[in-house]
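Q: Structure in structure tokens, see below.
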There are 2 protein chains.
Amino acid sequence: VLAFDQLAAEGYITARSGSGTFVTPDLPDGRPHSDAGSGRWRARRPAIAGRGRELAASPATIVKIDGPPRAFRIGTPALDRFPVHVWSTLVARRLRSATRGALDYAPGVGIAPLRNAIAAHVSRARGTLCSPDQVVVVAGAQHGLHLICQLLLDPGDRAWMEDPGYPGARAAMAAAGAEISAVPVDGEGLGIDRHRQRTPRLIYVTPSHQFPLGVTMSLARRLSLLAFARDADAWIVEDDYDSEFRYGARPSPSLHGLDPDGRVIYVGSFSKTLFPALRLGYLILPLDLVEAFRIARRATDIHTPVLEQAVVAEFMAEGHYERHLRRMRVEYRARRDALVQAVRRHCDGALSLREVTTGLHALADLTETEAERVSGDAFARGVEAMPLSAYRHGRRAVTESLVLGFGAIRPELVEAGIQTLAETIEGLTGRARRGAADRRAAARRADRRR
Amino acid sequence: VLAFDQLAAEGYITARSGSGTFVTPDLPDGRPHSDAGSGRWRARRPAIAGRGRELAASPATIVKIDGPPRAFRIGTPALDRFPVHVWSTLVARRLRSATRGALDYAPGVGIAPLRNAIAAHVSRARGTLCSPDQVVVVAGAQHGLHLICQLLLDPGDRAWMEDPGYPGARAAMAAAGAEISAVPVDGEGLGIDRHRQRTPRLIYVTPSHQFPLGVTMSLARRLSLLAFARDADAWIVEDDYDSEFRYGARPSPSLHGLDPDGRVIYVGSFSKTLFPALRLGYLILPLDLVEAFRIARRATDIHTPVLEQAVVAEFMAEGHYERHLRRMRVEYRARRDALVQAVRRHCDGALSLREVTTGLHALADLTETEAERVSGDAFARGVEAMPLSAYRHGRRAVTESLVLGFGAIRPELVEAGIQTLAETIEGLTGRARRGAADRRAAARRADRRR
């Protein structure tokens, strides 16, 4: 009887009063499909939407997800130096002490202890004043950029992007349907050209440590940028992705701290200062934008997981965060020094490093070979060396530079990586010389025949 | 000298060769602003974008974030019965055993052990076949719906929404710029009207347990829906938010299992089966859509935190998940029974419950009073009782029903909640009777005066 009830409940059989129970006439022939992806039905389905195609074209250079970090992976911090023991202790304590309420939905802007800790840290370390009410916790900087573009840009709006620049910012703008202007970066940061035809609604910058060129935006440029944005009536997005690691002078204060208008939105991330798998970052917003972001989370992802938020709040409140940053500054300086020395020892003028005073990557200029060919050959030998052109809009400019991450690479492995890179360059230069010699020889032979 | 270097690096002073060091002339007057939100600069900034205003208008009914669950909170499961101890043990074990690689970026579609566990569970429990390659892990069902709408709908595309229905699905469609048709739900589920002027590109349904009406979509309706979607060339989104909890017959198999075309996208959530603070859910996609979703994550949030994914994977692989679901079915049935008995005991015909065979909420029809007034008065007395109209498109229909969640409410608290609700209804009915009596008396007085 139970089986019959179930079949009837699911509609496979139908009871007709007075005549009995019958199998439902219009059942499908086949069994549940298992041939999804077989391709034969594709033509009968709607296509993916235009915005979907845009999103599905997001460049791979946004993030490297490809096994353990090798020399010279960009974007990954020193995972081998993360204090896993302290972290685990805090997680265990949190799980013991949290009430059942911690399992329930939480505020879209983040839990209060984390917002407090972030506001205190940013006010102390980044030369600006912000209250916990201005903090919105997000699932990493990329999520923050995506939300900003979704909320502040309409399709067709103009957005200024640094060129070269962080592909994730460009992808977030593109997903929002913005028209992107690639604005060249010079020695002082993003160049401001008041004569561009259309003024922007949003300007994305990395003033503390331009990605990937490594330039710090000068004070004069910061002030002109703020003045320009005021005249253009534009938002400024300040992505402060790795300013905590500065080797020499103190970190330069944030652009946010100079903003008198509440038009700078500050984007912070824990991916470099703690670890990427955490997926945690934050925005510092003008107060009157917070409500819009809070509500927008409802329709997008409701909120960020609570456990990570609570543990990071404790990690910060108990001083572990500051301590970890101090230790990592020393560690990263050692990794940078190892890179500088290895290049000096092995590259012999074929590769010259620009000065690195901040962050986790270096720019290396090639003198005789094309960066894209070096990058390709080095990758085949197990070394990651991104050509600068990968970060240029439309990859139009010919560049002779490589972007080398050193944050994730232990000092003792830096040397081997640079040796491989030097051999790669040598191989290409040798081939290039042989190639040039061959061409000259061919020309001579042709001359003789004439 | 260090202080001077820092000031020079930040641009506050300028060294002129041969003449000395000078304060930079065009420094801003004020100190870093702390008056964000003071309002005086608002007029000089760009407005929030149109899509941003749409997102910021997402209804509060998507999720209740308002202190501990009270009778009769909707959407929250029995947090008091979650096996926190087992969970904590798995978290601790994971933190001890994971390699450093677990701190790094992870695949956008989710980690392999979780995708495997989800595919196995869905194939076993939901009457469909799916491979791990079809699974995309998301940050909860709402995030899944948002991604689906962003990828599959362009502005102006038509989307069909159940009416009444889940406000979160409507908000995700609205955020994508879709034109939403509110399609009435009848006793068999979403009604299919082939004569509507514009065919949809996407149809959202909750076939196992319609939210909020509680109807299970009949097999006949499922087959017509699939046939209609094929003719219309539309996607179907199957939100299976609480089908695991069925009290009587086994859960009816998913719509996904009947789909021969690969046009049904299945949305699953751990918010009800585990807990909401986890922010974890999943999509079962046709294989050829997986790559687009994988890449789209890069531009939106990269991936979901790894720790939660790993722990849920273990929780499932070791059988804790099935065990928890079995226990909770018993528990929720007891809570449902408590609700049924309390209504029978205290409401005396003023409130009648529709039959509840699935899920964590019940529909209660009022016979004499308006649901919105009951809801308002009950809220003032500490009882949450959503009027059905809150889930209707445009709230146009007058409804006399309440939606009562019972999942989060311990059986012993259900009775007190229903008593309060009964008193509320009585108060309104009494007032209504007194009001009618007053009007009749006034009419008699007016008659006498004439």
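Please note that chains go A, B, ... in the order of the structure tokens, that every chain numbers its residues from 1, and that ligands are numbered from 1 in the order shown.
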Please provide as a ChimeraX atom specification all residues within 8 Å of region 173-179 of chain A, with the sequence filter that same-chain residues fewer than 2 positions apart are discarded (counting only C-alpha atoms).
A: /A:51,54-55,146,149-150,153-159,169-171,181 /B:299
Q: Restricting the output to N, CA and C atoms, write the selected residues as a PDB file, in the first residue's frame.
A:
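And here's result_13.pdb as it stands now:
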ATOM      1  N   ARG A  51      25.821  38.930 -21.266  1.00  0.00           N
ATOM      2  CA  ARG A  51      26.606  39.195 -20.065  1.00  0.00           C
ATOM      3  C   ARG A  51      27.299  37.926 -19.600  1.00  0.00           C
ATOM      4  N   GLU A  54      30.369  37.521 -21.517  1.00  0.00           N
ATOM      5  CA  GLU A  54      31.355  38.479 -20.999  1.00  0.00           C
ATOM      6  C   GLU A  54      32.027  37.913 -19.743  1.00  0.00           C
ATOM      7  N   LEU A  55      31.189  37.406 -18.819  1.00  0.00           N
ATOM      8  CA  LEU A  55      31.719  36.842 -17.572  1.00  0.00           C
ATOM      9  C   LEU A  55      32.591  35.626 -17.852  1.00  0.00           C
ATOM     10  N   HIS A 146      33.621  43.539  -7.684  1.00  0.00           N
ATOM     11  CA  HIS A 146      32.418  43.143  -8.418  1.00  0.00           C
ATOM     12  C   HIS A 146      31.187  43.865  -7.868  1.00  0.00           C
ATOM     13  N   CYS A 149      31.222  47.612  -8.807  1.00  0.00           N
ATOM     14  CA  CYS A 149      30.855  47.861 -10.205  1.00  0.00           C
ATOM     15  C   CYS A 149      29.373  47.587 -10.439  1.00  0.00           C
ATOM     16  N   GLN A 150      28.838  46.544  -9.805  1.00  0.00           N
ATOM     17  CA  GLN A 150      27.419  46.241  -9.968  1.00  0.00           C
ATOM     18  C   GLN A 150      26.548  47.370  -9.417  1.00  0.00           C
ATOM     19  N   LEU A 153      27.990  51.242 -11.369  1.00  0.00           N
ATOM     20  CA  LEU A 153      28.105  51.415 -12.817  1.00  0.00           C
ATOM     21  C   LEU A 153      26.887  50.848 -13.529  1.00  0.00           C
ATOM     22  N   ASP A 154      26.363  51.589 -14.456  1.00  0.00           N
ATOM     23  CA  ASP A 154      25.317  51.078 -15.345  1.00  0.00           C
ATOM     24  C   ASP A 154      25.944  50.753 -16.694  1.00  0.00           C
ATOM     25  N   PRO A 155      25.293  49.860 -17.469  1.00  0.00           N
ATOM     26  CA  PRO A 155      25.825  49.551 -18.793  1.00  0.00           C
ATOM     27  C   PRO A 155      26.042  50.839 -19.597  1.00  0.00           C
ATOM     28  N   GLY A 156      27.188  50.941 -20.234  1.00  0.00           N
ATOM     29  CA  GLY A 156      27.515  52.125 -21.030  1.00  0.00           C
ATOM     30  C   GLY A 156      28.239  53.211 -20.255  1.00  0.00           C
ATOM     31  N   ASP A 157      28.247  53.134 -18.922  1.00  0.00           N
ATOM     32  CA  ASP A 157      29.003  54.118 -18.140  1.00  0.00           C
ATOM     33  C   ASP A 157      30.493  53.966 -18.431  1.00  0.00           C
ATOM     34  N   ARG A 158      31.201  55.092 -18.371  1.00  0.00           N
ATOM     35  CA  ARG A 158      32.632  55.079 -18.619  1.00  0.00           C
ATOM     36  C   ARG A 158      33.385  54.762 -17.331  1.00  0.00           C
ATOM     37  N   ALA A 159      34.373  53.876 -17.399  1.00  0.00           N
ATOM     38  CA  ALA A 159      35.220  53.575 -16.235  1.00  0.00           C
ATOM     39  C   ALA A 159      36.678  53.645 -16.669  1.00  0.00           C
ATOM     40  N   ALA A 169      39.988  43.882 -11.939  1.00  0.00           N
ATOM     41  CA  ALA A 169      39.214  45.126 -11.907  1.00  0.00           C
ATOM     42  C   ALA A 169      38.548  45.337 -13.254  1.00  0.00           C
ATOM     43  N   ARG A 170      39.308  45.087 -14.316  1.00  0.00           N
ATOM     44  CA  ARG A 170      38.760  45.249 -15.662  1.00  0.00           C
ATOM     45  C   ARG A 170      37.587  44.282 -15.868  1.00  0.00           C
ATOM     46  N   ALA A 171      37.741  43.037 -15.398  1.00  0.00           N
ATOM     47  CA  ALA A 171      36.680  42.042 -15.558  1.00  0.00           C
ATOM     48  C   ALA A 171      35.423  42.446 -14.791  1.00  0.00           C
ATOM     49  N   SER A 181      38.040  52.700 -20.333  1.00  0.00           N
ATOM     50  CA  SER A 181      39.160  53.441 -20.907  1.00  0.00           C
ATOM     51  C   SER A 181      40.433  52.951 -20.247  1.00  0.00           C
TER      52      SER A 181
ATOM     53  N   ALA B 299      35.636  36.598 -11.990  1.00  0.00           N
ATOM     54  CA  ALA B 299      35.332  38.028 -12.030  1.00  0.00           C
ATOM     55  C   ALA B 299      34.386  38.423 -10.909  1.00  0.00           C
TER      56      ALA B 299
END
Q: With 6 Å as the limit and counting only C-alpha atoms, what residues in chain A lie close to chain B? Please list them as a PyMOL selection string.
A: chain A and resi 6+10-11+32-34+36-37+41+45-46+48-49+52+55-56+65+103-105+128-129+142-143+146+151-154+168+171-172+219+233+249+252+257-258+260-262+275-279+286-288+292+295-296+299-301+305-306
Q: Excluding same-chain residues fewer than 5 positions from Asp240 (chain A), what lies within 10 Å of it counting only C-alpha atoms, as a PyMOL selection string?
A: chain A and resi 126+141+205-211+254-255+266-269
Q: Emit the selected residues as an mmCIF file, in the first residue's frame, including N, CA, C and O atoms.
A:
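So again_36.cif came out as:
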data_model
loop_
_atom_site.group_PDB
_atom_site.id
_atom_site.type_symbol
_atom_site.label_atom_id
_atom_site.label_comp_id
_atom_site.auth_asym_id
_atom_site.auth_seq_id
_atom_site.Cartn_x
_atom_site.Cartn_y
_atom_site.Cartn_z
ATOM 1 N N ARG A 126 46.662 52.823 7.945
ATOM 2 C CA ARG A 126 46.552 53.302 6.576
ATOM 3 C C ARG A 126 46.281 54.797 6.469
ATOM 4 O O ARG A 126 45.827 55.281 5.419
ATOM 5 N N ALA A 141 38.856 40.759 -2.193
ATOM 6 C CA ALA A 141 38.880 42.020 -2.943
ATOM 7 C C ALA A 141 38.119 41.907 -4.264
ATOM 8 O O ALA A 141 37.414 42.833 -4.666
ATOM 9 N N VAL A 205 42.188 52.732 -9.138
ATOM 10 C CA VAL A 205 43.627 52.939 -8.962
ATOM 11 C C VAL A 205 44.205 52.059 -7.852
ATOM 12 O O VAL A 205 43.493 51.636 -6.945
ATOM 13 N N THR A 206 45.509 51.811 -7.961
ATOM 14 C CA THR A 206 46.277 51.099 -6.936
ATOM 15 C C THR A 206 47.403 52.025 -6.488
ATOM 16 O O THR A 206 48.563 51.802 -6.837
ATOM 17 N N PRO A 207 47.049 53.084 -5.732
ATOM 18 C CA PRO A 207 48.028 54.161 -5.486
ATOM 19 C C PRO A 207 49.222 53.756 -4.614
ATOM 20 O O PRO A 207 50.320 54.264 -4.814
ATOM 21 N N SER A 208 49.029 52.842 -3.672
ATOM 22 C CA SER A 208 50.142 52.504 -2.776
ATOM 23 C C SER A 208 51.241 51.759 -3.516
ATOM 24 O O SER A 208 52.425 51.905 -3.209
ATOM 25 N N HIS A 209 50.836 50.923 -4.467
ATOM 26 C CA HIS A 209 51.794 50.054 -5.149
ATOM 27 C C HIS A 209 51.120 49.602 -6.428
ATOM 28 O O HIS A 209 50.422 48.597 -6.450
ATOM 29 N N GLN A 210 51.319 50.381 -7.487
ATOM 30 C CA GLN A 210 50.580 50.126 -8.718
ATOM 31 C C GLN A 210 50.804 48.692 -9.196
ATOM 32 O O GLN A 210 51.939 48.217 -9.262
ATOM 33 N N PHE A 211 49.672 48.020 -9.517
ATOM 34 C CA PHE A 211 49.788 46.679 -10.068
ATOM 35 C C PHE A 211 49.682 46.763 -11.573
ATOM 36 O O PHE A 211 48.705 47.270 -12.101
ATOM 37 N N SER A 254 46.924 56.083 2.773
ATOM 38 C CA SER A 254 45.982 55.791 1.693
ATOM 39 C C SER A 254 45.447 57.063 1.051
ATOM 40 O O SER A 254 45.426 58.133 1.656
ATOM 41 N N LEU A 255 45.004 56.928 -0.184
ATOM 42 C CA LEU A 255 44.294 57.991 -0.890
ATOM 43 C C LEU A 255 43.013 58.344 -0.143
ATOM 44 O O LEU A 255 42.614 59.512 -0.063
ATOM 45 N N TYR A 266 37.578 52.385 -0.472
ATOM 46 C CA TYR A 266 38.813 51.667 -0.182
ATOM 47 C C TYR A 266 38.542 50.167 -0.197
ATOM 48 O O TYR A 266 37.583 49.697 0.419
ATOM 49 N N VAL A 267 39.382 49.408 -0.917
ATOM 50 C CA VAL A 267 39.228 47.954 -1.001
ATOM 51 C C VAL A 267 40.420 47.287 -0.322
ATOM 52 O O VAL A 267 41.570 47.517 -0.717
ATOM 53 N N GLY A 268 40.164 46.512 0.711
ATOM 54 C CA GLY A 268 41.220 45.782 1.412
ATOM 55 C C GLY A 268 40.997 44.290 1.294
ATOM 56 O O GLY A 268 39.866 43.839 1.073
ATOM 57 N N SER A 269 42.060 43.522 1.450
ATOM 58 C CA SER A 269 41.973 42.072 1.275
ATOM 59 C C SER A 269 42.786 41.361 2.349
ATOM 60 O O SER A 269 43.818 41.860 2.787
#
Q: Find the residues around region 326-339 of chain A up to 8 Å (only C-alpha atoms counted), leave out those fewer than 4 positions away in its own chain, and share them as a list of chain:residue names.
A: A:Arg81, A:Phe245, A:Arg246, A:Tyr247, A:Glu322, A:Val343, A:Val356, A:Leu360, A:Phe406, A:Gly407, A:Ile409, A:Arg410, A:Pro411, A:Glu412, A:Val414, A:Glu415, A:Ile418
Q: Could you write out that same residue set with all heavy atoms as a short mmCIF file (atom, residue, chain, number, x, y, z; two decimals), in the first residue's frame?
A:
data_model
loop_
_atom_site.label_atom_id
_atom_site.label_comp_id
_atom_site.auth_asym_id
_atom_site.auth_seq_id
_atom_site.Cartn_x
_atom_site.Cartn_y
_atom_site.Cartn_z
N ARG A 81 54.69 30.23 5.86
CA ARG A 81 54.98 30.97 7.10
C ARG A 81 53.72 31.36 7.85
O ARG A 81 53.80 32.09 8.83
CB ARG A 81 55.80 32.23 6.77
CG ARG A 81 57.18 31.95 6.20
CD ARG A 81 58.05 31.20 7.23
NE ARG A 81 58.13 31.92 8.49
CZ ARG A 81 59.06 32.82 8.77
NH1 ARG A 81 60.01 33.07 7.92
NH2 ARG A 81 59.06 33.43 9.94
N PHE A 245 53.08 45.58 3.06
CA PHE A 245 54.46 45.10 3.00
C PHE A 245 55.33 46.13 2.32
O PHE A 245 55.42 46.21 1.10
CB PHE A 245 54.50 43.74 2.28
CG PHE A 245 53.57 42.75 2.91
CD1 PHE A 245 52.49 42.25 2.21
CD2 PHE A 245 53.74 42.36 4.23
CE1 PHE A 245 51.62 41.36 2.80
CE2 PHE A 245 52.86 41.47 4.83
CZ PHE A 245 51.78 40.97 4.11
N ARG A 246 55.95 46.97 3.13
CA ARG A 246 56.81 48.01 2.59
C ARG A 246 58.17 47.88 3.26
O ARG A 246 58.26 47.72 4.46
CB ARG A 246 56.19 49.38 2.86
CG ARG A 246 56.83 50.48 2.03
CD ARG A 246 55.95 51.70 1.88
NE ARG A 246 56.66 52.73 1.14
CZ ARG A 246 56.35 53.10 -0.09
NH1 ARG A 246 55.34 52.55 -0.72
NH2 ARG A 246 57.06 54.04 -0.70
N TYR A 247 59.24 47.92 2.47
CA TYR A 247 60.58 47.61 2.97
C TYR A 247 61.41 48.88 2.96
O TYR A 247 62.12 49.16 2.01
CB TYR A 247 61.26 46.55 2.10
CG TYR A 247 60.28 45.50 1.66
CD1 TYR A 247 59.92 45.36 0.33
CD2 TYR A 247 59.69 44.65 2.60
CE1 TYR A 247 59.00 44.42 -0.07
CE2 TYR A 247 58.76 43.70 2.21
CZ TYR A 247 58.42 43.60 0.87
OH TYR A 247 57.50 42.67 0.48
N GLU A 322 48.83 42.05 13.70
CA GLU A 322 49.96 42.98 13.65
C GLU A 322 51.29 42.23 13.73
O GLU A 322 52.24 42.54 13.02
CB GLU A 322 49.88 43.99 14.81
CG GLU A 322 48.69 44.96 14.73
CD GLU A 322 48.79 45.95 13.57
OE1 GLU A 322 49.90 46.15 13.05
OE2 GLU A 322 47.74 46.52 13.20
N VAL A 343 69.41 37.59 -9.26
CA VAL A 343 69.43 38.24 -10.58
C VAL A 343 70.81 38.80 -10.86
O VAL A 343 71.37 38.65 -11.96
CB VAL A 343 68.35 39.34 -10.67
CG1 VAL A 343 68.55 40.21 -11.90
CG2 VAL A 343 66.96 38.72 -10.67
N VAL A 356 62.36 47.43 -5.76
CA VAL A 356 61.14 46.95 -5.11
C VAL A 356 61.11 47.45 -3.68
O VAL A 356 61.91 47.02 -2.85
CB VAL A 356 61.10 45.41 -5.06
CG1 VAL A 356 59.77 44.93 -4.50
CG2 VAL A 356 61.37 44.81 -6.42
N LEU A 360 54.78 42.19 -3.11
CA LEU A 360 55.23 40.81 -3.26
C LEU A 360 55.64 40.46 -4.69
O LEU A 360 55.71 39.29 -5.03
CB LEU A 360 54.12 39.86 -2.79
CG LEU A 360 53.52 40.15 -1.41
CD1 LEU A 360 52.47 39.11 -1.05
CD2 LEU A 360 54.61 40.19 -0.35
N PHE A 406 57.53 37.10 -5.70
CA PHE A 406 58.50 36.44 -4.83
C PHE A 406 57.91 36.08 -3.46
O PHE A 406 58.55 35.44 -2.64
CB PHE A 406 59.77 37.29 -4.67
CG PHE A 406 59.52 38.68 -4.12
CD1 PHE A 406 59.37 38.88 -2.76
CD2 PHE A 406 59.43 39.78 -4.98
CE1 PHE A 406 59.14 40.16 -2.25
CE2 PHE A 406 59.20 41.06 -4.49
CZ PHE A 406 59.05 41.25 -3.12
N GLY A 407 56.65 36.48 -3.23
CA GLY A 407 56.05 36.28 -1.91
C GLY A 407 55.93 34.82 -1.51
O GLY A 407 56.18 34.45 -0.36
N ILE A 409 57.67 32.27 -2.64
CA ILE A 409 58.84 31.46 -2.97
C ILE A 409 59.89 31.55 -1.86
O ILE A 409 60.40 32.64 -1.59
CB ILE A 409 59.46 31.92 -4.30
CG1 ILE A 409 58.38 32.33 -5.31
CG2 ILE A 409 60.39 30.85 -4.88
CD1 ILE A 409 57.36 31.27 -5.59
N ARG A 410 60.22 30.43 -1.25
CA ARG A 410 61.22 30.44 -0.19
C ARG A 410 62.56 30.88 -0.75
O ARG A 410 62.92 30.52 -1.89
CB ARG A 410 61.34 29.05 0.45
CG ARG A 410 60.07 28.64 1.21
CD ARG A 410 60.39 27.68 2.36
NE ARG A 410 61.14 26.51 1.92
CZ ARG A 410 60.55 25.43 1.38
NH1 ARG A 410 59.25 25.37 1.23
NH2 ARG A 410 61.30 24.41 1.01
N PRO A 411 63.33 31.66 0.04
CA PRO A 411 64.58 32.24 -0.48
C PRO A 411 65.48 31.20 -1.15
O PRO A 411 66.07 31.46 -2.21
CB PRO A 411 65.25 32.82 0.77
CG PRO A 411 64.12 33.10 1.70
CD PRO A 411 63.07 32.09 1.42
N GLU A 412 65.55 29.98 -0.57
CA GLU A 412 66.46 28.97 -1.13
C GLU A 412 66.00 28.47 -2.50
O GLU A 412 66.77 27.85 -3.23
CB GLU A 412 66.67 27.81 -0.15
CG GLU A 412 65.42 27.04 0.22
CD GLU A 412 64.71 27.60 1.45
OE1 GLU A 412 64.78 28.83 1.69
OE2 GLU A 412 64.06 26.81 2.17
N VAL A 414 64.54 30.62 -4.72
CA VAL A 414 64.59 31.75 -5.63
C VAL A 414 65.76 31.60 -6.60
O VAL A 414 65.63 31.81 -7.81
CB VAL A 414 64.69 33.07 -4.83
CG1 VAL A 414 65.07 34.23 -5.74
CG2 VAL A 414 63.35 33.37 -4.14
N GLU A 415 66.88 31.19 -6.05
CA GLU A 415 68.10 31.09 -6.86
C GLU A 415 67.93 30.10 -8.01
O GLU A 415 68.26 30.41 -9.17
CB GLU A 415 69.28 30.67 -5.98
CG GLU A 415 70.56 30.52 -6.74
CD GLU A 415 71.73 31.23 -6.06
OE1 GLU A 415 71.54 31.72 -4.93
OE2 GLU A 415 72.80 31.31 -6.68
N ILE A 418 65.75 31.61 -10.72
CA ILE A 418 66.42 32.64 -11.52
C ILE A 418 67.45 32.00 -12.46
O ILE A 418 67.61 32.43 -13.61
CB ILE A 418 67.07 33.71 -10.60
CG1 ILE A 418 65.97 34.61 -10.03
CG2 ILE A 418 68.11 34.53 -11.34
CD1 ILE A 418 65.22 35.45 -11.05
#
Q: Let's see if you can do this: from backbone DSSP, list all alpha helix (DSSP H) residues in region 34-268 of chain B, as a PyMOL selection string.
A: chain B and resi 50-55+84-97+112-125+141-152+167-175+219-232
Q: Just asking: which residues within region 163-293 of chain B are strand (DSSP E or B) according to DSSP, as a ChimeraX atom specification?
A: /B:163,179-186,189-190,202-205,235-239,246,264-269,281-284
Q: Distance CA of Val374 (chain B)-CA of Glu162 (chain B), one decimal place?
A: 24.7 Å
Q: If you measure from CA of Leu353 (chain B) to CA of Leu366 (chain B), what distance in Å do you get, rounded to one decimal?
A: 9.0 Å
Q: What's the 10 Å shell around Glu426 (chain B), counting only C-alpha atoms, without same-chain residues fewer than 4 positions away, as an mmCIF file with N, CA, C and O atoms, in the first residue's frame?
A:
data_model
loop_
_atom_site.group_PDB
_atom_site.id
_atom_site.type_symbol
_atom_site.label_atom_id
_atom_site.label_comp_id
_atom_site.auth_asym_id
_atom_site.auth_seq_id
_atom_site.Cartn_x
_atom_site.Cartn_y
_atom_site.Cartn_z
ATOM 1 N N CYS B 347 -7.042 27.479 18.352
ATOM 2 C CA CYS B 347 -7.507 28.436 17.340
ATOM 3 C C CYS B 347 -8.970 28.280 16.954
ATOM 4 O O CYS B 347 -9.549 29.192 16.356
ATOM 5 N N ALA B 350 -10.647 29.664 13.813
ATOM 6 C CA ALA B 350 -10.239 30.977 13.309
ATOM 7 C C ALA B 350 -9.024 30.860 12.399
ATOM 8 O O ALA B 350 -8.712 31.770 11.637
ATOM 9 N N GLU B 368 -11.646 34.839 9.434
ATOM 10 C CA GLU B 368 -12.410 36.052 9.714
ATOM 11 C C GLU B 368 -11.592 37.343 9.681
ATOM 12 O O GLU B 368 -12.153 38.427 9.734
ATOM 13 N N THR B 369 -10.264 37.221 9.667
ATOM 14 C CA THR B 369 -9.449 38.433 9.812
ATOM 15 C C THR B 369 -8.448 38.556 8.669
ATOM 16 O O THR B 369 -8.130 37.583 8.003
ATOM 17 N N VAL B 374 -3.242 40.706 11.252
ATOM 18 C CA VAL B 374 -2.840 39.707 12.250
ATOM 19 C C VAL B 374 -1.321 39.699 12.377
ATOM 20 O O VAL B 374 -0.763 39.710 13.480
ATOM 21 N N THR B 420 -0.479 32.963 21.559
ATOM 22 C CA THR B 420 -0.368 34.399 21.293
ATOM 23 C C THR B 420 -1.073 34.744 19.983
ATOM 24 O O THR B 420 -1.790 35.752 19.896
ATOM 25 N N LEU B 421 -0.865 33.894 18.979
ATOM 26 C CA LEU B 421 -1.476 34.151 17.685
ATOM 27 C C LEU B 421 -3.005 34.104 17.808
ATOM 28 O O LEU B 421 -3.721 34.952 17.244
ATOM 29 N N ALA B 422 -3.502 33.117 18.569
ATOM 30 C CA ALA B 422 -4.950 32.985 18.772
ATOM 31 C C ALA B 422 -5.508 34.228 19.473
ATOM 32 O O ALA B 422 -6.554 34.763 19.082
ATOM 33 N N GLY B 430 -12.682 40.402 17.774
ATOM 34 C CA GLY B 430 -13.506 41.118 18.744
ATOM 35 C C GLY B 430 -13.668 42.563 18.329
ATOM 36 O O GLY B 430 -14.776 43.092 18.247
ATOM 37 N N ARG B 431 -12.537 43.201 18.002
ATOM 38 C CA ARG B 431 -12.583 44.598 17.557
ATOM 39 C C ARG B 431 -13.454 44.712 16.314
ATOM 40 O O ARG B 431 -14.251 45.631 16.195
ATOM 41 N N ALA B 432 -13.270 43.724 15.390
ATOM 42 C CA ALA B 432 -14.039 43.768 14.150
ATOM 43 C C ALA B 432 -15.527 43.658 14.469
ATOM 44 O O ALA B 432 -16.349 44.412 13.945
#
Q: Of the candidates A:Ala364, A:Met161, A:Ala342, A:Val136, which one gets nearest to Leu213 (chain A) if we count only C-alpha atoms?
A: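 Smallest distance to Leu213 (chain A) is found for A:Ala364.
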Q: So how many Å separate CA of Gly405 (chain B) and CA of Arg381 (chain B), to one decimal?
A: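 Pair CA of Gly405 (chain B) / CA of Arg381 (chain B) returns 16.8 Å.
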